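Below: structure-v8.cif (mmCIF, C-alpha atoms)
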data_start
#
loop_
_atom_site.label_atom_id
_atom_site.label_comp_id
_atom_site.auth_asym_id
_atom_site.auth_seq_id
_atom_site.Cartn_x
_atom_site.Cartn_y
_atom_site.Cartn_z
CA MET A 29 29.73 -0.60 -8.10
CA GLN A 30 26.44 -1.21 -9.81
CA ARG A 31 23.40 0.94 -9.15
CA PRO A 32 20.69 -0.55 -6.95
CA GLU A 33 17.85 -2.31 -8.71
CA PRO A 34 14.27 -1.18 -7.98
CA THR A 35 13.78 -4.40 -5.99
CA GLU A 36 16.43 -3.20 -3.51
CA TYR A 37 14.37 -0.35 -2.04
CA ALA A 38 10.84 0.91 -1.48
CA PRO A 39 9.37 2.84 -4.43
CA PHE A 40 9.35 6.05 -2.35
CA TYR A 41 13.16 6.05 -2.33
CA GLY A 42 13.31 5.88 -6.12
CA THR A 43 12.98 9.67 -6.13
CA TYR A 44 16.25 9.99 -4.24
CA ILE A 45 18.10 7.26 -6.11
CA THR A 46 17.31 8.79 -9.52
CA LEU A 47 19.00 11.99 -8.33
CA VAL A 48 22.29 10.07 -8.24
CA PRO A 49 23.30 9.31 -11.84
CA GLU A 50 26.97 8.86 -10.94
CA GLY A 51 28.43 5.38 -11.14
CA ASP A 52 30.64 5.88 -8.09
CA VAL A 53 28.36 6.65 -5.17
CA LEU A 54 31.29 7.17 -2.78
CA ALA A 55 32.80 9.84 -5.03
CA ALA A 56 29.35 11.45 -5.26
CA MET A 57 29.03 11.36 -1.46
CA GLU A 58 32.41 13.01 -1.05
CA SER A 59 31.95 15.71 -3.69
CA GLN A 60 28.49 16.43 -2.33
CA LEU A 61 30.02 17.21 1.04
CA THR A 62 32.26 19.88 -0.45
CA GLU A 63 29.44 21.43 -2.50
CA THR A 64 26.92 21.29 0.33
CA LEU A 65 29.25 22.85 2.88
CA ALA A 66 30.08 25.72 0.54
CA PHE A 67 26.39 26.48 -0.02
CA TRP A 68 25.27 26.02 3.59
CA ARG A 69 28.12 28.07 5.04
CA ALA A 70 26.86 30.99 2.96
CA ILE A 71 23.38 30.86 4.53
CA PRO A 72 22.98 33.93 6.74
CA GLU A 73 22.03 33.24 10.36
CA SER A 74 19.07 35.58 9.80
CA GLN A 75 17.56 32.95 7.47
CA GLY A 76 17.92 30.05 9.92
CA ASP A 77 14.56 30.38 11.64
CA VAL A 78 12.66 31.49 8.54
CA CYS A 79 9.93 29.30 7.12
CA HIS A 80 9.43 30.23 3.46
CA ALA A 81 5.87 29.54 2.26
CA PRO A 82 4.65 27.07 1.10
CA TYR A 83 7.16 25.02 3.12
CA THR A 84 6.44 24.01 6.70
CA TRP A 85 10.00 23.73 8.04
CA THR A 86 12.49 26.45 8.85
CA VAL A 87 15.90 26.39 7.19
CA LYS A 88 17.38 25.03 10.45
CA GLN A 89 14.76 22.28 10.55
CA VAL A 90 15.71 21.25 7.02
CA LEU A 91 19.37 21.07 8.03
CA GLY A 92 18.42 19.11 11.16
CA HIS A 93 16.31 16.75 9.08
CA LEU A 94 19.24 16.06 6.79
CA ILE A 95 21.45 15.31 9.79
CA ASP A 96 18.82 13.00 11.29
CA GLY A 97 18.24 11.27 7.95
CA GLU A 98 21.95 10.72 7.39
CA ARG A 99 22.29 9.16 10.82
CA ILE A 100 19.26 6.92 10.39
CA PHE A 101 20.21 5.74 6.89
CA GLY A 102 23.78 5.15 8.09
CA TYR A 103 22.57 3.14 11.09
CA ARG A 104 20.41 1.01 8.83
CA ALA A 105 23.36 0.45 6.49
CA LEU A 106 25.63 -0.53 9.39
CA ARG A 107 23.14 -3.04 10.78
CA PHE A 108 22.44 -4.67 7.45
CA ALA A 109 26.10 -4.62 6.33
CA ARG A 110 27.00 -6.54 9.49
CA GLY A 111 24.40 -9.18 8.70
CA ASP A 112 21.80 -8.02 11.22
CA SER A 113 18.52 -8.22 9.35
CA THR A 114 16.33 -7.39 12.35
CA PRO A 115 13.48 -5.26 10.97
CA LEU A 116 13.92 -1.58 11.79
CA PRO A 117 11.08 0.91 12.24
CA GLY A 118 10.55 3.99 10.13
CA PHE A 119 10.66 7.50 11.55
CA GLU A 120 8.21 10.35 11.32
CA GLU A 121 10.22 13.20 9.86
CA ASN A 122 7.80 15.93 10.94
CA ASP A 123 7.92 14.76 14.56
CA TYR A 124 11.72 14.64 14.44
CA ALA A 125 11.93 18.14 12.92
CA LYS A 126 9.69 19.51 15.64
CA ALA A 127 11.40 17.67 18.51
CA GLY A 128 14.87 18.68 17.33
CA SER A 129 14.41 22.20 18.74
CA TYR A 130 16.82 23.45 16.07
CA GLU A 131 16.00 27.08 16.80
CA ARG A 132 18.38 26.84 19.78
CA LEU A 133 21.29 26.11 17.43
CA THR A 134 23.06 28.29 14.92
CA VAL A 135 23.15 27.53 11.22
CA ALA A 136 26.93 27.26 11.58
CA ALA A 137 26.58 24.63 14.32
CA LEU A 138 24.19 22.58 12.20
CA VAL A 139 26.52 22.79 9.21
CA SER A 140 29.43 21.58 11.35
CA GLU A 141 27.33 18.73 12.70
CA PHE A 142 26.31 17.67 9.20
CA GLU A 143 29.96 17.71 8.15
CA ALA A 144 30.87 15.39 11.05
CA VAL A 145 28.00 13.03 10.32
CA ARG A 146 28.78 12.91 6.58
CA ARG A 147 32.46 12.22 7.26
CA SER A 148 31.34 9.36 9.51
CA SER A 149 29.10 8.05 6.72
CA LEU A 150 32.00 8.19 4.30
CA TRP A 151 34.18 6.15 6.65
CA LEU A 152 31.39 3.61 7.09
CA PHE A 153 30.68 3.11 3.40
CA ARG A 154 34.33 3.28 2.27
CA ASN A 155 35.35 0.52 4.63
CA LEU A 156 32.61 -1.98 3.88
CA PRO A 157 33.74 -5.30 2.45
CA ALA A 158 32.50 -5.89 -1.10
CA GLU A 159 29.97 -8.52 -0.06
CA ALA A 160 28.30 -6.17 2.44
CA TRP A 161 26.93 -3.88 -0.27
CA ALA A 162 24.38 -6.47 -1.40
CA ARG A 163 23.21 -7.35 2.10
CA SER A 164 19.74 -6.26 3.02
CA GLY A 165 17.23 -5.91 5.78
CA LYS A 166 13.83 -4.46 6.34
CA ALA A 167 13.33 -0.82 7.33
CA ASN A 168 10.00 0.92 7.55
CA ASP A 169 8.32 -2.34 6.47
CA SER A 170 10.27 -2.47 3.20
CA PRO A 171 13.38 -4.35 2.11
CA VAL A 172 16.46 -2.25 1.40
CA THR A 173 20.07 -3.07 0.57
CA VAL A 174 23.18 -1.39 1.87
CA ARG A 175 23.95 -0.27 -1.71
CA ALA A 176 20.53 1.40 -1.99
CA LEU A 177 21.06 3.14 1.35
CA ALA A 178 24.29 4.73 0.09
CA TYR A 179 22.43 6.11 -2.92
CA ILE A 180 19.55 7.24 -0.70
CA VAL A 181 21.99 9.19 1.51
CA VAL A 182 23.24 11.19 -1.50
CA GLY A 183 19.84 11.58 -3.16
CA HIS A 184 18.14 12.70 0.05
CA VAL A 185 20.58 15.60 0.46
CA ARG A 186 20.24 16.50 -3.23
CA HIS A 187 16.46 16.55 -2.95
CA HIS A 188 16.31 18.81 0.09
CA GLY A 189 19.33 20.83 -1.04
CA SER A 190 17.52 21.70 -4.25
CA ILE A 191 14.52 22.91 -2.25
CA LEU A 192 16.77 24.99 0.01
CA ARG A 193 18.45 26.59 -3.02
CA LYS A 194 15.05 27.60 -4.41
CA ARG A 195 13.92 28.93 -1.06
CA LEU A 196 17.03 31.02 -0.66
CA GLY A 197 17.15 32.20 -4.26
CA ALA A 198 20.32 30.29 -5.09
CA ALA A 199 18.81 27.87 -7.62
#

Do you think you could lay out the structure here as C-alpha cells?
Amino acid sequence: MQRPEPTEYAPFYGTYITLVPEGDVLAAMESQLTETLAFWRAIPESQGDVCHAPYTWTVKQVLGHLIDGERIFGYRALRFARGDSTPLPGFEENDYAKAGSYERLTVAALVSEFEAVRRSSLWLFRNLPAEAWARSGKANDSPVTVRALAYIVVGHVRHHGSILRKRLGAA
C-alpha cells in the first residue's frame, strides 16, 4: 500500500504520519501492539495516577487518551470506508481525558482495553476492500482518507508512547 499524500490529511496529522516509515501499515499496527503491550504491562500501578511535570495528564489519562483516539480514528475510518462522507466533528482531547475518570481504573485494565480496541482496529483495517483505502471524508473540518487514518492510528500511539517512555525513564 502506498503512503498517504499530504493532501489526504490535515497538516497537524503529518507529525503522526511521519512517525510511520514502514511501507506496510498493517504490519506496523500489529507489531506496535506487541511492543506497546510489553512496555505498558511493565508500568507499575503506583505510576498510574502520577502527573510528571511538565505534562498535564497522568499516565492513566495518557493511556485513556490513546484508547479514545484509537476508537475515534477507527470510527472515522469505518464511516469513510463504507462510503459515508458525512462530515464528522473533532474532539477536545483535554475534555475527554478529564471526563474519562481514569483514576478509577487500574493501569492493567487500561492496557487490556487498549489491546481489545487495537485488535478491533486490526480486524477493521485488514478486512477493508482495496478500493476503500482511498475513500475519504471530512473530520474536524479537514479531509482525510482511510489510508491516512490507518497511519494516524500507528503514529498517534508512537508519539504518545515516546513521551510515556521519557516520563517513566524507559527512553

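Our summary of the geometry notes that CA of Asp123 (chain A) is positioned 22.5 Å from CA of Val182 (chain A).
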
Near Met29 (chain A), counting only C-alpha atoms, which residues have an atom at most 9 Å away, once you skip same-chain residues fewer than 5 positions from it, shown as a PyMOL selection string? chain A and resi 51-53+161+175

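The gap separating CA of Glu121 (chain A) from CA of Arg31 (chain A) is 26.2 Å, in Å to one decimal.
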
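By chain and then residue number, the residues within 8 Å of region 104-113 of chain A are Leu152, Leu156, Ala160, Trp161, Arg163, Ser164, Gly165, Lys166, Ala167, Thr173, Val174, Leu177 and Ala178 of chain A, counting all atoms listed in the file and disregarding those fewer than 6 positions away in sequence.
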
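Proximity to Gly92 (chain A) was assessed for A:Pro117, A:Pro34, A:Gly197, A:Gly76 counting all atoms listed in the file; the smallest distance is recorded for A:Gly76.
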
Report the distance between CA of Arg154 (chain A) and CA of Val172 (chain A) in Å, rounded to one decimal place. 18.7 Å

Residue by residue, what does the PyMOL selection byres ((chain A and resi 87) around 9) grab here? Present the result as a count of residues only. 16

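Taking only C-alpha atoms into account, Pro171 (chain A) lies nearest to A:Tyr37 out of the set A:Phe67, A:Tyr83, A:Trp151, A:Tyr37.
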
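For Leu65 (chain A), the non-local neighbours within 8 Å, defined as residues at least 3 positions apart in the same chain or in other chains and counting all atoms listed in the file, are Leu61, Thr62, Trp68, Arg69, Val139 and Glu143 of chain A.
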
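Counting only C-alpha atoms, the residue from A:Ser129, A:Thr64, A:Gln30, A:Thr84 that sits nearest to Arg146 (chain A) is A:Thr64.
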
Using all atoms listed in the file, find all polymer residues with an atom at most 9 Å away from the point (20.6, 7.5, -2.2); report them as a PyMOL selection string. chain A and resi 41-48+53+175-185

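With only C-alpha atoms as the atoms that count, the residue of A:Ser190, A:Leu150, A:Glu33, A:Glu73 with the shortest distance to Arg132 (chain A) is A:Glu73.
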
Quick one: of A:Ala144, A:Leu133, A:Ala70, A:Ala158, who's nearest to Ile95 (chain A), counting all atoms listed in the file? A:Ala144

So, with only C-alpha atoms as the atoms that count, which of A:Asn122, A:Asn155, A:Ser140, A:Ser148 lies closest to Ala66 (chain A)? A:Ser140

Could you write region 171-182 of chain A as a compact mmCIF listing (two decimals), in the coordinates of the input, with all heavy atoms rebuilt where they are missing?
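rebuild-v2.txt written:
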# COMPACT_ATOMS: atom_id res chain seq x y z
N PRO A 171 11.99 -3.90 2.24
CA PRO A 171 13.38 -4.35 2.11
C PRO A 171 14.25 -3.25 1.51
O PRO A 171 13.79 -2.44 0.69
CB PRO A 171 13.29 -5.55 1.17
CG PRO A 171 11.98 -5.43 0.47
CD PRO A 171 11.09 -4.58 1.34
N VAL A 172 15.52 -3.22 1.94
CA VAL A 172 16.46 -2.25 1.40
C VAL A 172 17.87 -2.83 1.54
O VAL A 172 18.18 -3.48 2.52
CB VAL A 172 16.34 -0.87 2.11
CG1 VAL A 172 16.71 -0.94 3.57
CG2 VAL A 172 17.14 0.19 1.38
N THR A 173 18.68 -2.61 0.52
CA THR A 173 20.07 -3.07 0.57
C THR A 173 20.98 -1.95 1.05
O THR A 173 20.63 -0.77 1.01
CB THR A 173 20.57 -3.52 -0.82
OG1 THR A 173 20.56 -2.40 -1.70
CG2 THR A 173 19.73 -4.67 -1.39
N VAL A 174 22.17 -2.35 1.46
CA VAL A 174 23.18 -1.39 1.87
C VAL A 174 23.52 -0.49 0.68
O VAL A 174 23.65 0.73 0.83
CB VAL A 174 24.43 -2.12 2.40
CG1 VAL A 174 25.57 -1.16 2.67
CG2 VAL A 174 24.07 -2.93 3.65
N ARG A 175 23.66 -1.06 -0.50
CA ARG A 175 23.95 -0.27 -1.71
C ARG A 175 22.88 0.80 -1.93
O ARG A 175 23.19 1.96 -2.18
CB ARG A 175 24.03 -1.21 -2.92
CG ARG A 175 24.21 -0.50 -4.22
CD ARG A 175 24.33 -1.44 -5.44
NE ARG A 175 23.50 -2.62 -5.38
CZ ARG A 175 24.00 -3.87 -5.35
NH1 ARG A 175 25.29 -4.08 -5.33
NH2 ARG A 175 23.18 -4.91 -5.31
N ALA A 176 21.61 0.42 -1.80
CA ALA A 176 20.53 1.40 -1.99
C ALA A 176 20.61 2.49 -0.93
O ALA A 176 20.39 3.67 -1.23
CB ALA A 176 19.18 0.70 -1.94
N LEU A 177 20.96 2.14 0.29
CA LEU A 177 21.06 3.14 1.35
C LEU A 177 22.14 4.18 1.05
O LEU A 177 21.96 5.36 1.34
CB LEU A 177 21.29 2.47 2.71
CG LEU A 177 20.04 1.80 3.28
CD1 LEU A 177 20.40 0.79 4.36
CD2 LEU A 177 19.06 2.84 3.82
N ALA A 178 23.25 3.77 0.46
CA ALA A 178 24.29 4.73 0.09
C ALA A 178 23.75 5.72 -0.94
O ALA A 178 23.99 6.93 -0.84
CB ALA A 178 25.52 4.00 -0.45
N TYR A 179 23.02 5.23 -1.92
CA TYR A 179 22.43 6.11 -2.92
C TYR A 179 21.35 7.00 -2.31
O TYR A 179 21.23 8.17 -2.67
CB TYR A 179 21.85 5.29 -4.08
CG TYR A 179 22.87 4.89 -5.11
CD1 TYR A 179 23.74 3.83 -4.89
CD2 TYR A 179 23.00 5.60 -6.29
CE1 TYR A 179 24.69 3.46 -5.82
CE2 TYR A 179 23.95 5.24 -7.25
CZ TYR A 179 24.79 4.17 -7.00
OH TYR A 179 25.74 3.84 -7.94
N ILE A 180 20.59 6.45 -1.38
CA ILE A 180 19.55 7.24 -0.70
C ILE A 180 20.18 8.39 0.08
O ILE A 180 19.66 9.51 0.07
CB ILE A 180 18.69 6.33 0.21
CG1 ILE A 180 17.83 5.40 -0.65
CG2 ILE A 180 17.83 7.15 1.16
CD1 ILE A 180 17.20 4.23 0.12
N VAL A 181 21.29 8.14 0.75
CA VAL A 181 21.99 9.19 1.51
C VAL A 181 22.30 10.37 0.60
O VAL A 181 22.02 11.53 0.93
CB VAL A 181 23.27 8.62 2.16
CG1 VAL A 181 24.23 9.73 2.58
CG2 VAL A 181 22.92 7.75 3.36
N VAL A 182 22.87 10.11 -0.57
CA VAL A 182 23.24 11.19 -1.50
C VAL A 182 21.99 11.84 -2.09
O VAL A 182 21.88 13.07 -2.12
CB VAL A 182 24.17 10.66 -2.61
CG1 VAL A 182 24.46 11.74 -3.63
CG2 VAL A 182 25.46 10.12 -2.01
